[in-house]
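S.K.: This is the structure I have questions about; it appears just below.
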Amino acid sequence: MRFLLLPLFTFLCLYAESQCKTYRLGANRDTLNCTDMTGMKQGKWIVNIAKLRGEPGYEEEGVFLNNRKEGLWRRYNLMGDLLAQENFKWGNKNGRCMYFTFAGLEHEESWRAVNPDKAYDTLDVQDLRDPNKYDRIIVKTDGTSIKHGTWKFYIPETSVLINMEEYVMGQLKEPTDPITGNTIKVIIDTVKTSSLPAPSRPKLVTEFEQKHTKKKKPARTGKTSPPNSQLP
C-alpha cells in the first residue's frame, strides 16, 4: 500500500506545481508561495519582511485565495516569537484577531469583513437597544473591514482584563465594566461653572490670615519716633 501511495503523492505534487508559474518547496516537499499563471497568489505562503529604516522585520504565514489572504494568518518576529493571529475573508480582517508581546496577550480585536467585489452589501445588524433584534441594512462598501464585536485589552504579564469596547458595525457602544460586563453610563454635568458657589476657604486658613494681617506701614521719612511711642 505504501508503494501505491507514493506515485499518487508524486502525481499530486506535480499537478500542483503545474498550476504554478512560480513556487518553492517547503521542508516537507509541500508547495509554497505559488503564483498561478495569471500572476495571482494561491495556496500556502510564507512571507518574509526584512528590517527597514528602523522598523523591525517579521515573518507571516497563511493561505492566499486569488491574491487575497483567507482564513487564519500568524505573524512572528525574526526570533520566532508569536506577534499576532489574524483571521481574513476576501483579504480583509474578519472575526477575532489577537496581538501579543513578549509577556503574553496584549489585546483582542473583532472585525467584520466586507466583500470588496460588491459596491453594496446586505448586513444583519444587532439593535443597540434590543440585543435579540436584528435589522437588515444595505451599506455602501469601501472594500475594508468594519469594527464589529468585542475588543478586549489586557495586562500581558498577568492576563488581567483591564478594558473592553463593544462595536456594532463601526459604532462604539457605551463602555462596560471589565469585571461584571455591565454598561457604564457616562453622565456629563452641563451646569455652568459661573452659576456654582465659590468654594469655601478652610477655617484654619481664615483664622491665620486674620491673626497675621497688619495695617499698612507708613512710608519712611527719616524722622525718628517721639519718646515712649510704639513703632508701627
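Just so we're on the same page: first chain in the C-alpha cells is A, next is B, and so on; residues restart at 1 for each chain, and ligands are numbered from 1 in the order they show up.
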Hey, what's within 7 Å of Glu166 of chain A if we count only C-alpha atoms and toss same-chain stuff fewer than 6 positions away? As a PDB file with C-alpha atoms, in the first residue's frame, please?
M.R.:
```pdb
ATOM      1  CA  GLY A 149     -17.836  42.837  18.220  1.00  0.00           C
ATOM      2  CA  THR A 150     -15.915  42.993  21.484  1.00  0.00           C
ATOM      3  CA  TRP A 151     -12.420  44.440  21.791  1.00  0.00           C
ATOM      4  CA  LEU A 172     -18.878  52.236  19.645  1.00  0.00           C
ATOM      5  CA  LYS A 173     -21.453  51.222  22.248  1.00  0.00           C
TER       6      LYS A 173
END
```
S.K.: Can you tell me, as an NGL selection string, what residues are no more than 10 Å from Thr22 of chain A when counting only C-alpha atoms, ignoring any on the same chain fewer than 4 positions away?
M.R.: :A and (17-18 or 32-37 or 39 or 41)
S.K.: Which one is closest to Tyr134 of chain A: A:Ser110, A:Val168, A:Asn94, A:Tyr120? Count only C-alpha atoms.
M.R.: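 Closest candidate: A:Val168.
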S.K.: Using only C-alpha atoms, which of A:Arg112, A:Lys140, A:Phe100, A:Asp135 sits nearest Tyr167 of chain A?
M.R.: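 Among the listed residues, the smallest separation from Tyr167 of chain A belongs to A:Arg112.
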S.K.: As a PyMOL selection string, please: every residue in segment 14-74 of chain A that a backbone DSSP assignment puts in strand (DSSP E or B).
M.R.: chain A and resi 20-25+31-36+41-49+52+55+58-65+68-74
S.K.: Please determine, counting only C-alpha atoms, which residue among A:Gly91, A:Glu108, A:Trp45, A:Ala119 has the shortest atom-to-atom distance to Asn66 of chain A.
M.R.: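 Looking only at the distances to Asn66 of chain A, the closest residue turns out to be A:Gly91.
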S.K.: Any idea what's packed within 8 Å of Ser145 of chain A, counting only C-alpha atoms, ignoring anything in its chain fewer than 3 positions away? Could you give it as an mmCIF file with C-alpha atoms, in the first residue's frame?
M.R.:
```
data_model
loop_
_atom_site.group_PDB
_atom_site.id
_atom_site.type_symbol
_atom_site.label_atom_id
_atom_site.label_comp_id
_atom_site.auth_asym_id
_atom_site.auth_seq_id
_atom_site.Cartn_x
_atom_site.Cartn_y
_atom_site.Cartn_z
ATOM 1 C CA ASN A 92 -9.863 41.796 4.933
ATOM 2 C CA LYS A 93 -9.793 41.134 8.666
ATOM 3 C CA ASN A 94 -12.786 39.094 9.755
ATOM 4 C CA TRP A 111 -13.808 42.716 12.766
ATOM 5 C CA ARG A 112 -16.369 42.120 10.063
ATOM 6 C CA ALA A 113 -15.049 41.848 6.516
ATOM 7 C CA VAL A 114 -16.865 43.485 3.624
#
```
S.K.: Atom CA of Leu72 of chain A and atom CA of Ile137 of chain A, how far apart in Å?
M.R.: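 Computed distance, atom CA of Ile137 of chain A to atom CA of Leu72 of chain A, equals 28.0 Å.
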S.K.: Could you check which of A:Met40, A:Met169, A:Ile49, A:Ile162 is closest to Leu65 of chain A, using only C-alpha atoms?
M.R.: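 Checking each candidate against Leu65 of chain A, we get A:Met40 as the closest.
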S.K.: By how many Å are atom CA of Thr122 of chain A and atom CA of Gly170 of chain A apart?
M.R.: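 Answer for the atom CA of Thr122 of chain A to atom CA of Gly170 of chain A separation: 15.3 Å.
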S.K.: Rounded to one decimal place, report the atom CA of Lys152 of chain A-atom CA of Arg68 of chain A distance in Å.
M.R.: 27.0 Å
S.K.: Can you tell me which residues surround Ile46 of chain A at a distance of at most 9 Å, considering only C-alpha atoms, apart from same-chain residues fewer than 6 positions away, and format the answer as a ChimeraX atom specification?
M.R.: /A:32-33,59-63
